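Participant: Here it is: the structure, laid out below.
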Amino acid sequence: MNAYIEIIGRALAVYAFILLALRLLGKKELSQLSVADLVLIMLVSNAVQNAMVGSDISLLGGIIAAAVLFVVDFVIKQITYRSIRFKTIIEGTAVLLIYKGQIQKQNLANEKITLSELDTIIREHGISSIEEVELCMLETDGNISVISKSLTNQHFYPRKHRPLHKKYRK
């Protein structure tokens, strides 16, 4: 029984370490995985496997370690859903990269995003130049969202209400 309690403690420690390491690496690492990032993830998972289960290579030991990881993940999701402060600690906050065509250079430097990467991201969103960007944000999940000035200048008119066809009415 003590061996399984040790596995639980080890799994919790590994989870906390990996969560902290990913948080310190930055948001950019989460959504834009390169080949090197994928290799790193695979090697880290292999490296920490023994750290979680120790010398216990039984099926039950592996299941306990996996179950602990699922439970901890579930608990953290529940807490981040209920607590904005905890969510900010775990996930961080969105970062402004471009505002009204002006690059926020300090924020780019803090997030280790180069101008060429930013240009690529803008083009991927169908925008030809940074001057055309109204807003560009690095989101907490690592994705980068872009809103063009042309989109913000468009006017959207609500559709006129049309009654439901007879066969769809109750």
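To be explicit about the labels: the chains of the structure tokens are called A, B, and onward in the order shown, and within each one the residues are counted from 1, while ligands get numbers from 1 in the order they are shown.
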Enumerate the residues of segment 48-119 of chain A with a DSSP assignment of strand (DSSP E), computed from the backbone, and present them as an mmCIF file with C-alpha atoms, in the first residue's frame.
Facilitator:
```
data_model
loop_
_atom_site.group_PDB
_atom_site.id
_atom_site.type_symbol
_atom_site.label_atom_id
_atom_site.label_comp_id
_atom_site.auth_asym_id
_atom_site.auth_seq_id
_atom_site.Cartn_x
_atom_site.Cartn_y
_atom_site.Cartn_z
ATOM 1 C CA VAL A 95 -1.090 39.865 -24.225
ATOM 2 C CA LEU A 96 -1.616 42.757 -26.629
ATOM 3 C CA LEU A 97 0.724 42.485 -29.636
ATOM 4 C CA ILE A 98 -0.697 45.071 -32.051
ATOM 5 C CA TYR A 99 -3.165 47.858 -31.385
ATOM 6 C CA GLN A 102 1.039 49.847 -33.792
ATOM 7 C CA ILE A 103 3.291 46.997 -32.692
#
```
Participant: Excluding Tyr15 of chain A and any residue of its chain fewer than 4 positions from it, enumerate the residues within 7 Å of it, using only C-alpha atoms, and give them as a list in words.
Facilitator: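 Once the adjacent positions are removed, what remains is Ala11, Leu19 and Leu69 of chain A.
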Participant: Near segment 48-54 of chain A, counting only C-alpha atoms, which residues have an atom at most 6 Å away, once you skip same-chain residues fewer than 2 positions from it, shown as a PyMOL selection string?
Facilitator: chain A and resi 7+10-11+45-46+56
Participant: What is the atom CA of Glu6 of chain A to atom CA of Leu20 of chain A distance in Å?
Facilitator: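 Those two atoms sit 21.1 Å apart.
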Participant: Rank A:Ile121, A:Leu135, A:Ile144, A:Ile63 by their smallest atom-to-atom distance to Tyr4 of chain A, using only C-alpha atoms, and report the top residue only.
Facilitator: A:Ile63
Participant: Need to verify the contact set: Glu139 of chain A, 8 Å, only C-alpha atoms, exclusion of same-chain residues closer than 4 positions in sequence. Can you return it as a compact mmCIF listing (two decimals) with N, CA, C and O atoms, in the first residue's frame?
Facilitator:
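Below you can see around_32.txt, which holds the result:
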```txt
# COMPACT_ATOMS: atom_id res chain seq x y z
N LYS A 27 3.28 31.20 -23.32
CA LYS A 27 2.08 30.78 -24.04
C LYS A 27 2.37 30.36 -25.46
O LYS A 27 1.72 29.50 -26.02
N THR A 93 -2.43 35.76 -18.63
CA THR A 93 -3.41 36.66 -19.24
C THR A 93 -3.07 36.86 -20.70
O THR A 93 -1.93 36.66 -21.13
N ALA A 94 -4.05 37.29 -21.46
CA ALA A 94 -3.83 37.59 -22.87
C ALA A 94 -2.88 38.79 -22.97
O ALA A 94 -2.86 39.65 -22.10
N VAL A 95 -2.09 38.81 -24.05
CA VAL A 95 -1.09 39.86 -24.23
C VAL A 95 -1.36 40.60 -25.54
O VAL A 95 -1.50 39.97 -26.59
N ASN A 143 -2.80 30.65 -28.72
CA ASN A 143 -3.24 31.06 -30.05
C ASN A 143 -3.13 32.56 -30.19
O ASN A 143 -3.19 33.30 -29.19
N ILE A 144 -2.98 33.02 -31.41
CA ILE A 144 -2.91 34.45 -31.67
C ILE A 144 -4.13 34.83 -32.49
O ILE A 144 -4.37 34.27 -33.56
N SER A 145 -4.92 35.76 -31.97
CA SER A 145 -6.11 36.22 -32.68
C SER A 145 -5.83 37.59 -33.28
O SER A 145 -5.12 38.41 -32.68
```
Participant: Using DSSP secondary structure from the backbone, list all alpha helix (DSSP H) positions within segment 24-120 of chain A, as a count of residues only.
Facilitator: 70
Participant: Kindly give the distance, in Å, that separates atom CA of Glu134 of chain A and atom CA of Ile84 of chain A, rounded to a single decimal.
Facilitator: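 Atom CA of Ile84 of chain A lies 27.0 Å from atom CA of Glu134 of chain A.
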Participant: Which one is closest to Ser150 of chain A: A:Asn107, A:Met137, A:Phe17, A:Gly101? Count only C-alpha atoms.
Facilitator: A:Gly101
